[in-house]
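Here's target_34.cif, which has mmCIF, N, CA and C atoms:
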```cif
data_query
loop_
_atom_site.label_atom_id
_atom_site.label_comp_id
_atom_site.auth_asym_id
_atom_site.auth_seq_id
_atom_site.Cartn_x
_atom_site.Cartn_y
_atom_site.Cartn_z
N MET I 1487 85.29 -60.76 116.01
CA MET I 1487 85.60 -59.57 115.23
C MET I 1487 85.43 -58.35 116.16
N ASP I 1488 86.50 -57.56 116.26
CA ASP I 1488 86.40 -56.39 117.13
C ASP I 1488 85.79 -55.20 116.39
N TYR I 1489 85.61 -54.14 117.11
CA TYR I 1489 84.94 -52.94 116.59
C TYR I 1489 85.65 -52.38 115.36
N GLU I 1490 86.96 -52.26 115.40
CA GLU I 1490 87.73 -51.69 114.29
C GLU I 1490 87.55 -52.51 113.02
N GLU I 1491 87.59 -53.83 113.14
CA GLU I 1491 87.39 -54.69 111.97
C GLU I 1491 85.99 -54.54 111.41
N GLN I 1492 84.99 -54.46 112.29
CA GLN I 1492 83.61 -54.26 111.83
C GLN I 1492 83.45 -52.92 111.12
N LEU I 1493 84.09 -51.90 111.68
CA LEU I 1493 84.03 -50.57 111.07
C LEU I 1493 84.68 -50.57 109.69
N ASP I 1494 85.85 -51.18 109.57
CA ASP I 1494 86.54 -51.29 108.28
C ASP I 1494 85.67 -52.03 107.26
N ARG I 1495 85.06 -53.11 107.71
CA ARG I 1495 84.19 -53.91 106.83
C ARG I 1495 82.98 -53.09 106.36
N ALA I 1496 82.39 -52.34 107.27
CA ALA I 1496 81.24 -51.51 106.92
C ALA I 1496 81.62 -50.42 105.92
N ILE I 1497 82.76 -49.80 106.11
CA ILE I 1497 83.22 -48.75 105.20
C ILE I 1497 83.49 -49.32 103.81
N GLU I 1498 84.10 -50.50 103.76
CA GLU I 1498 84.39 -51.14 102.47
C GLU I 1498 83.13 -51.52 101.72
N SER I 1499 82.09 -51.91 102.44
CA SER I 1499 80.86 -52.37 101.77
C SER I 1499 79.89 -51.24 101.47
N SER I 1500 80.11 -50.04 102.02
CA SER I 1500 79.19 -48.93 101.73
C SER I 1500 79.52 -48.32 100.38
N PRO I 1501 78.48 -47.88 99.65
CA PRO I 1501 78.73 -47.31 98.31
C PRO I 1501 79.46 -45.98 98.40
N ASP I 1502 80.26 -45.73 97.41
CA ASP I 1502 81.00 -44.48 97.33
C ASP I 1502 80.10 -43.44 96.68
N ILE I 1503 79.61 -42.47 97.46
CA ILE I 1503 78.72 -41.45 96.90
C ILE I 1503 79.46 -40.16 96.58
N GLU I 1504 80.71 -40.10 96.91
CA GLU I 1504 81.49 -38.92 96.57
C GLU I 1504 81.61 -38.82 95.06
N GLY I 1505 81.32 -37.66 94.53
CA GLY I 1505 81.43 -37.43 93.09
C GLY I 1505 80.26 -37.96 92.30
N SER I 1506 79.19 -38.38 92.95
CA SER I 1506 78.05 -38.91 92.22
C SER I 1506 77.35 -37.82 91.42
N GLU I 1507 77.59 -36.55 91.77
CA GLU I 1507 77.00 -35.44 91.02
C GLU I 1507 77.53 -35.39 89.59
N SER I 1508 78.74 -35.88 89.39
CA SER I 1508 79.38 -35.78 88.08
C SER I 1508 78.68 -36.61 87.01
N ARG I 1509 77.78 -37.51 87.43
CA ARG I 1509 77.08 -38.29 86.42
C ARG I 1509 76.08 -37.45 85.64
N PHE I 1510 75.83 -36.22 86.10
CA PHE I 1510 74.95 -35.31 85.38
C PHE I 1510 75.79 -34.26 84.69
N SER I 1511 75.77 -34.26 83.38
CA SER I 1511 76.43 -33.17 82.66
C SER I 1511 75.62 -32.88 81.41
N LEU I 1512 75.36 -31.61 81.22
CA LEU I 1512 74.59 -31.19 80.05
C LEU I 1512 75.46 -31.28 78.81
N PRO I 1513 74.88 -31.73 77.70
CA PRO I 1513 75.65 -31.70 76.46
C PRO I 1513 75.90 -30.24 76.04
N GLU I 1514 77.04 -30.00 75.47
CA GLU I 1514 77.35 -28.65 74.98
C GLU I 1514 76.34 -28.29 73.89
N PRO I 1515 75.66 -27.14 74.01
CA PRO I 1515 74.70 -26.77 72.97
C PRO I 1515 75.37 -26.62 71.60
N ASN I 1516 74.81 -27.27 70.61
CA ASN I 1516 75.28 -27.16 69.24
C ASN I 1516 74.34 -26.19 68.54
N VAL I 1517 74.73 -24.91 68.51
CA VAL I 1517 73.88 -23.90 67.89
C VAL I 1517 74.55 -23.33 66.66
N ARG I 1518 73.71 -22.96 65.70
CA ARG I 1518 74.21 -22.32 64.48
C ARG I 1518 73.21 -21.28 64.02
N GLN I 1519 73.73 -20.32 63.29
CA GLN I 1519 72.87 -19.26 62.77
C GLN I 1519 72.32 -19.65 61.41
N GLU I 1520 71.06 -19.36 61.22
CA GLU I 1520 70.40 -19.60 59.93
C GLU I 1520 69.58 -18.34 59.65
N GLY I 1521 70.20 -17.36 58.99
CA GLY I 1521 69.53 -16.07 58.81
C GLY I 1521 69.43 -15.37 60.15
N ASN I 1522 68.21 -14.94 60.49
CA ASN I 1522 68.02 -14.30 61.79
C ASN I 1522 67.50 -15.28 62.85
N VAL I 1523 67.72 -16.56 62.62
CA VAL I 1523 67.27 -17.61 63.54
C VAL I 1523 68.49 -18.38 64.06
N THR I 1524 68.46 -18.70 65.36
CA THR I 1524 69.48 -19.56 65.95
C THR I 1524 68.87 -20.95 66.07
N VAL I 1525 69.53 -21.94 65.48
CA VAL I 1525 69.04 -23.32 65.51
C VAL I 1525 69.85 -24.10 66.55
N TYR I 1526 69.13 -24.65 67.52
CA TYR I 1526 69.72 -25.46 68.58
C TYR I 1526 69.62 -26.90 68.10
N GLU I 1527 70.67 -27.37 67.46
CA GLU I 1527 70.68 -28.67 66.78
C GLU I 1527 70.46 -29.87 67.72
N ASN I 1528 71.11 -29.86 68.87
CA ASN I 1528 71.04 -31.02 69.76
C ASN I 1528 70.07 -30.79 70.93
N PHE I 1529 69.01 -30.07 70.67
CA PHE I 1529 68.01 -29.79 71.70
C PHE I 1529 67.40 -31.09 72.23
N GLN I 1530 67.14 -32.04 71.36
CA GLN I 1530 66.52 -33.30 71.77
C GLN I 1530 67.42 -34.09 72.73
N SER I 1531 68.72 -34.13 72.47
CA SER I 1531 69.61 -34.86 73.37
C SER I 1531 69.73 -34.14 74.72
N THR I 1532 69.62 -32.82 74.71
CA THR I 1532 69.62 -32.06 75.95
C THR I 1532 68.37 -32.39 76.76
N LEU I 1533 67.23 -32.48 76.08
CA LEU I 1533 65.98 -32.85 76.76
C LEU I 1533 66.09 -34.24 77.38
N ASP I 1534 66.72 -35.17 76.67
CA ASP I 1534 66.90 -36.52 77.18
C ASP I 1534 67.74 -36.50 78.47
N THR I 1535 68.77 -35.68 78.50
CA THR I 1535 69.62 -35.55 79.67
C THR I 1535 68.86 -34.93 80.84
N LEU I 1536 68.08 -33.89 80.54
CA LEU I 1536 67.31 -33.20 81.58
C LEU I 1536 66.11 -34.00 82.07
N ASP I 1537 65.57 -34.86 81.20
CA ASP I 1537 64.36 -35.62 81.48
C ASP I 1537 63.20 -34.69 81.82
N ARG I 1538 63.02 -33.68 80.97
CA ARG I 1538 61.94 -32.72 81.11
C ARG I 1538 61.20 -32.58 79.79
N GLU I 1539 59.98 -32.03 79.85
CA GLU I 1539 59.16 -31.85 78.66
C GLU I 1539 59.74 -30.75 77.77
N ASP I 1540 59.66 -30.96 76.46
CA ASP I 1540 60.21 -30.01 75.51
C ASP I 1540 59.57 -28.62 75.63
N THR I 1541 58.25 -28.57 75.84
CA THR I 1541 57.59 -27.27 75.91
C THR I 1541 58.01 -26.49 77.15
N HIS I 1542 58.24 -27.17 78.26
CA HIS I 1542 58.67 -26.49 79.49
C HIS I 1542 60.04 -25.86 79.30
N VAL I 1543 60.97 -26.61 78.73
CA VAL I 1543 62.32 -26.10 78.50
C VAL I 1543 62.28 -24.97 77.47
N MET I 1544 61.48 -25.15 76.42
CA MET I 1544 61.38 -24.11 75.38
C MET I 1544 60.84 -22.80 75.97
N LYS I 1545 59.80 -22.89 76.79
CA LYS I 1545 59.22 -21.68 77.40
C LYS I 1545 60.24 -20.99 78.31
N TYR I 1546 61.01 -21.79 79.04
CA TYR I 1546 62.04 -21.21 79.90
C TYR I 1546 63.06 -20.44 79.06
N LEU I 1547 63.53 -21.07 77.98
CA LEU I 1547 64.51 -20.40 77.12
C LEU I 1547 63.92 -19.14 76.49
N GLN I 1548 62.67 -19.19 76.09
CA GLN I 1548 62.03 -18.00 75.53
C GLN I 1548 62.07 -16.85 76.53
N ASN I 1549 61.71 -17.15 77.78
CA ASN I 1549 61.72 -16.11 78.81
C ASN I 1549 63.12 -15.61 79.10
N GLU I 1550 64.08 -16.51 79.22
CA GLU I 1550 65.45 -16.13 79.56
C GLU I 1550 66.12 -15.33 78.44
N LEU I 1551 65.86 -15.73 77.20
CA LEU I 1551 66.52 -15.08 76.07
C LEU I 1551 65.69 -13.94 75.50
N GLY I 1552 64.46 -13.79 75.95
CA GLY I 1552 63.60 -12.71 75.48
C GLY I 1552 63.28 -12.83 74.00
N THR I 1553 62.85 -14.00 73.58
CA THR I 1553 62.59 -14.23 72.17
C THR I 1553 61.43 -15.21 72.00
N SER I 1554 61.08 -15.48 70.77
CA SER I 1554 60.10 -16.52 70.49
C SER I 1554 60.86 -17.73 69.95
N ALA I 1555 60.22 -18.89 70.05
CA ALA I 1555 60.89 -20.12 69.61
C ALA I 1555 59.84 -21.14 69.20
N ASN I 1556 60.28 -22.11 68.44
CA ASN I 1556 59.44 -23.26 68.11
C ASN I 1556 60.33 -24.47 67.90
N ILE I 1557 59.71 -25.64 68.00
CA ILE I 1557 60.43 -26.89 67.80
C ILE I 1557 60.03 -27.42 66.43
N ASP I 1558 61.02 -27.64 65.57
CA ASP I 1558 60.71 -28.10 64.22
C ASP I 1558 60.47 -29.61 64.18
N GLU I 1559 60.16 -30.11 63.01
CA GLU I 1559 59.81 -31.53 62.84
C GLU I 1559 60.97 -32.47 63.15
N ARG I 1560 62.19 -31.97 63.17
CA ARG I 1560 63.36 -32.80 63.48
C ARG I 1560 63.76 -32.71 64.95
N GLY I 1561 62.96 -32.00 65.76
CA GLY I 1561 63.24 -31.88 67.19
C GLY I 1561 64.25 -30.81 67.55
N ARG I 1562 64.59 -29.97 66.58
CA ARG I 1562 65.52 -28.87 66.85
C ARG I 1562 64.74 -27.66 67.35
N LEU I 1563 65.36 -26.89 68.22
CA LEU I 1563 64.74 -25.67 68.71
C LEU I 1563 65.20 -24.52 67.82
N ARG I 1564 64.24 -23.75 67.34
CA ARG I 1564 64.54 -22.61 66.49
C ARG I 1564 64.20 -21.34 67.25
N LEU I 1565 65.23 -20.57 67.62
CA LEU I 1565 65.08 -19.34 68.38
C LEU I 1565 65.18 -18.14 67.45
N THR I 1566 64.22 -17.24 67.52
CA THR I 1566 64.26 -16.04 66.70
C THR I 1566 65.32 -15.10 67.26
N GLY I 1567 66.30 -14.74 66.45
CA GLY I 1567 67.39 -13.87 66.86
C GLY I 1567 68.71 -14.62 66.84
N GLU I 1568 69.77 -13.89 67.11
CA GLU I 1568 71.10 -14.47 67.12
C GLU I 1568 71.59 -14.62 68.55
N PHE I 1569 71.93 -15.85 68.93
CA PHE I 1569 72.40 -16.13 70.28
C PHE I 1569 73.66 -16.96 70.21
N ARG I 1570 74.66 -16.57 70.99
CA ARG I 1570 75.92 -17.31 71.04
C ARG I 1570 75.74 -18.60 71.83
N THR I 1571 76.60 -19.55 71.55
CA THR I 1571 76.60 -20.82 72.26
C THR I 1571 76.72 -20.59 73.76
N SER I 1572 77.58 -19.67 74.17
CA SER I 1572 77.80 -19.42 75.60
C SER I 1572 76.53 -18.94 76.28
N ARG I 1573 75.73 -18.12 75.60
CA ARG I 1573 74.48 -17.62 76.20
C ARG I 1573 73.44 -18.74 76.33
N VAL I 1574 73.36 -19.61 75.33
CA VAL I 1574 72.42 -20.74 75.38
C VAL I 1574 72.87 -21.71 76.47
N ARG I 1575 74.18 -21.98 76.56
CA ARG I 1575 74.71 -22.87 77.60
C ARG I 1575 74.39 -22.32 78.99
N GLU I 1576 74.60 -21.03 79.18
CA GLU I 1576 74.33 -20.39 80.47
C GLU I 1576 72.85 -20.53 80.85
N ALA I 1577 71.96 -20.30 79.90
CA ALA I 1577 70.52 -20.44 80.16
C ALA I 1577 70.15 -21.88 80.49
N MET I 1578 70.76 -22.84 79.81
CA MET I 1578 70.46 -24.25 80.08
C MET I 1578 71.00 -24.67 81.45
N GLU I 1579 72.14 -24.15 81.85
CA GLU I 1579 72.69 -24.45 83.18
C GLU I 1579 71.79 -23.86 84.27
N GLU I 1580 71.26 -22.66 84.03
CA GLU I 1580 70.34 -22.05 84.98
C GLU I 1580 69.06 -22.87 85.08
N TYR I 1581 68.59 -23.39 83.95
CA TYR I 1581 67.40 -24.24 83.95
C TYR I 1581 67.65 -25.49 84.79
N ALA I 1582 68.79 -26.13 84.57
CA ALA I 1582 69.13 -27.34 85.33
C ALA I 1582 69.18 -27.05 86.83
N ASP I 1583 69.76 -25.94 87.21
CA ASP I 1583 69.83 -25.58 88.63
C ASP I 1583 68.44 -25.35 89.22
N ALA I 1584 67.55 -24.74 88.45
CA ALA I 1584 66.23 -24.39 88.96
C ALA I 1584 65.22 -25.53 88.88
N TYR I 1585 65.32 -26.37 87.84
CA TYR I 1585 64.26 -27.35 87.58
C TYR I 1585 64.71 -28.81 87.51
N VAL I 1586 65.99 -29.09 87.72
CA VAL I 1586 66.46 -30.48 87.61
C VAL I 1586 67.24 -30.92 88.84
N LEU I 1587 68.23 -30.17 89.25
CA LEU I 1587 69.09 -30.58 90.36
C LEU I 1587 68.44 -30.32 91.71
N CYS I 1588 68.51 -31.30 92.60
CA CYS I 1588 67.94 -31.19 93.94
C CYS I 1588 68.71 -30.14 94.75
N SER I 1589 67.97 -29.26 95.40
CA SER I 1589 68.61 -28.21 96.20
C SER I 1589 69.25 -28.76 97.48
N GLU I 1590 68.84 -29.96 97.90
CA GLU I 1590 69.39 -30.56 99.12
C GLU I 1590 70.62 -31.40 98.85
N CYS I 1591 70.50 -32.39 97.94
CA CYS I 1591 71.62 -33.32 97.72
C CYS I 1591 72.37 -33.05 96.41
N GLY I 1592 71.81 -32.22 95.54
CA GLY I 1592 72.50 -31.86 94.30
C GLY I 1592 72.40 -32.88 93.18
N LEU I 1593 71.62 -33.95 93.39
CA LEU I 1593 71.50 -34.99 92.37
C LEU I 1593 70.39 -34.65 91.37
N PRO I 1594 70.48 -35.20 90.17
CA PRO I 1594 69.47 -34.92 89.13
C PRO I 1594 68.26 -35.85 89.17
N ASP I 1595 68.14 -36.66 90.20
CA ASP I 1595 67.06 -37.65 90.28
C ASP I 1595 65.77 -37.00 90.79
N THR I 1596 65.24 -36.06 90.05
CA THR I 1596 64.08 -35.31 90.50
C THR I 1596 62.93 -35.42 89.51
N ARG I 1597 61.76 -35.14 90.01
CA ARG I 1597 60.55 -35.07 89.19
C ARG I 1597 59.90 -33.72 89.45
N LEU I 1598 59.38 -33.13 88.40
CA LEU I 1598 58.68 -31.86 88.48
C LEU I 1598 57.20 -32.17 88.68
N GLU I 1599 56.63 -31.73 89.80
CA GLU I 1599 55.24 -32.00 90.12
C GLU I 1599 54.51 -30.69 90.37
N THR I 1600 53.19 -30.75 90.30
CA THR I 1600 52.38 -29.58 90.59
C THR I 1600 51.59 -29.85 91.87
N GLU I 1601 51.76 -28.98 92.86
CA GLU I 1601 51.03 -29.07 94.12
C GLU I 1601 50.34 -27.75 94.36
N ASN I 1602 49.02 -27.79 94.49
CA ASN I 1602 48.24 -26.58 94.72
C ASN I 1602 48.55 -25.49 93.71
N GLY I 1603 48.76 -25.90 92.46
CA GLY I 1603 49.03 -24.95 91.38
C GLY I 1603 50.46 -24.46 91.28
N ALA I 1604 51.33 -24.92 92.17
CA ALA I 1604 52.73 -24.48 92.15
C ALA I 1604 53.63 -25.66 91.74
N LYS I 1605 54.68 -25.36 90.99
CA LYS I 1605 55.64 -26.38 90.58
C LYS I 1605 56.56 -26.70 91.75
N VAL I 1606 56.71 -28.00 92.01
CA VAL I 1606 57.55 -28.48 93.11
C VAL I 1606 58.51 -29.52 92.55
N LEU I 1607 59.75 -29.45 93.02
CA LEU I 1607 60.77 -30.40 92.63
C LEU I 1607 60.85 -31.47 93.72
N ARG I 1608 60.57 -32.74 93.37
CA ARG I 1608 60.63 -33.84 94.33
C ARG I 1608 61.83 -34.71 93.98
N CYS I 1609 62.72 -34.86 94.93
CA CYS I 1609 63.93 -35.66 94.71
C CYS I 1609 63.65 -37.11 95.05
N GLU I 1610 63.93 -37.98 94.10
CA GLU I 1610 63.73 -39.41 94.32
C GLU I 1610 64.91 -40.04 95.05
N ALA I 1611 66.03 -39.32 95.14
CA ALA I 1611 67.21 -39.84 95.83
C ALA I 1611 67.14 -39.59 97.33
N CYS I 1612 66.79 -38.37 97.73
CA CYS I 1612 66.81 -38.05 99.17
C CYS I 1612 65.42 -37.75 99.73
N GLY I 1613 64.41 -37.61 98.86
CA GLY I 1613 63.06 -37.37 99.31
C GLY I 1613 62.71 -35.92 99.56
N ALA I 1614 63.64 -35.02 99.31
CA ALA I 1614 63.38 -33.60 99.55
C ALA I 1614 62.35 -33.05 98.57
N ARG I 1615 61.60 -32.07 99.04
CA ARG I 1615 60.65 -31.35 98.19
C ARG I 1615 60.99 -29.88 98.30
N SER I 1616 61.08 -29.20 97.18
CA SER I 1616 61.41 -27.79 97.19
C SER I 1616 60.69 -27.09 96.05
N PRO I 1617 60.42 -25.80 96.22
CA PRO I 1617 59.77 -25.07 95.12
C PRO I 1617 60.69 -25.05 93.91
N ALA I 1618 60.13 -25.33 92.75
CA ALA I 1618 60.93 -25.32 91.52
C ALA I 1618 61.06 -23.89 91.02
N GLY I 1619 62.17 -23.62 90.38
CA GLY I 1619 62.39 -22.31 89.78
C GLY I 1619 63.07 -21.32 90.69
N ASN I 1620 63.54 -21.77 91.85
CA ASN I 1620 64.24 -20.85 92.75
C ASN I 1620 65.72 -20.94 92.59
#
```
Target encoding structure tokens, full file:
Amino acid sequence: MDYEEQLDRAIESSPDIEGSESRFSLPEPNVRQEGNVTVYENFQSTLDTLDREDTHVMKYLQNELGTSANIDERGRLRLTGEFRTSRVREAMEEYADAYVLCSECGLPDTRLETENGAKVLRCEACGARSPAGN
């Protein structure tokens, strides 16, 4: 087997990593108004996709939207005030960029850890460590 054949064989057997980022997509926020409260109906499925703690995501949204919030008994997030779907989606995308997606390889295979009192994002795919929230 010559070099070209070995090269072709190696390329065929290597995994296709192009487009692997597409396996991460946030569910579209399902929000509705209930009086002066915005109810984020599918908050729990968003948490499942992000693989993050509910209180961490809730606190982030509170800071980003400048409001108070709580999680009801059905797992829905209740935000005080009126917020459009587009604003909630934008805040959730910013959260994913800061606390979920690896800054080196762009994959969502990360864990949020605390080192010396600071939050650090550790990527299980490429091994990179970066400060979370940047």
**OP:** Just give me the gap between CA of Glu1527 in chain I and CA of Arg1597 in chain I in Å, one decimal is fine.
**Re:**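 Separation of CA of Glu1527 in chain I and CA of Arg1597 in chain I: 25.4 Å.
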Subject >> Counting all atoms listed in the file, the option among I:Val1574, I:Ala1604, I:Ala1614, I:Leu1563 closest to Cys1588 in chain I >> reply: I:Ala1614
Subject >> Nearest candidate to Ala1611 in chain I (options I:Thr1532, I:Leu1587, I:Glu1599, I:Arg1562; using only C-alpha atoms) >> reply: I:Leu1587
**OP:** Compile the contact shell of Arg1518 in chain I as a PyMOL selection string: residues with an atom at most 8 Å away, counting all atoms listed in the file, same-chain residues fewer than 2 positions apart removed.
**Re:** chain I and resi 1515-1516+1520-1521+1523-1527+1568-1571
**OP:** Run the PyMOL selection byres ((chain I and resi 1616) around 6.5) mentally over the shown coordinates, then write out the matched residues as a ChimeraX atom specification, using the chain letters and numbers from the document.
**Re:** /I:1605-1609,1614-1615,1617-1618
Subject >> Residues in the PyMOL selection byres (((chain I and resi 1581 and name CA) around 12) and name CA), expressed as a PyMOL selection string >> reply: chain I and resi 1512+1532-1533+1536+1538+1542-1550+1574-1580+1582-1587+1618-1620
**OP:** For each of I:Thr1535, I:Gln1530, I:Asn1522, I:Thr1596, take the minimum atom-to-atom distance to Leu1565 in chain I, counting all atoms listed in the file, then give the residue where this is smallest.
**Re:**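 Ranking I:Thr1535, I:Gln1530, I:Asn1522, I:Thr1596 by distance to Leu1565 in chain I, first place goes to I:Asn1522.
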**OP:** Quick one: pick out all alpha helix (DSSP H) residues within chain I from a backbone DSSP run and write them as a PyMOL selection string.
**Re:** chain I and resi 1489-1499+1529-1536+1540-1551+1571-1585
Box along x, y and z, 8 Å on every side, all listed atoms of range 1554-1572 of chain I inside: centre and edge lengths in Å to one decimal, as lines of an AutoDock Vina configuration file.
```
center_x = 68.6
center_y = -23.3
center_z = 69.6
size_x = 34.4
size_y = 34.9
size_z = 29.4
```
Subject >> Among the residues I:Phe1529, I:Ser1499, I:Val1517, I:Asp1595, the one that comes closest to Asp1558 in chain I [using only C-alpha atoms] >> reply: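 Answer, going by the shortest atom-to-atom distance: I:Phe1529.
Distance-wise, atom C of Gly1552 in chain I and atom N of Gly1603 in chain I end up 26.9 Å apart.
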Original post:
Expressed in Å to a single decimal, how great is the separation between atom N of Ala1496 in chain I and CA of Gly1613 in chain I?
Top reply: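 Spanning atom N of Ala1496 in chain I to CA of Gly1613 in chain I is a straight-line distance of 25.7 Å.
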**OP:** Write down as a PyMOL selection string the residues of chain I whose backbone DSSP state falls under strand (DSSP E or B).
**Re:** chain I and resi 1517-1520+1523-1526+1555-1557+1563-1566+1596-1601+1604-1609+1615-1617
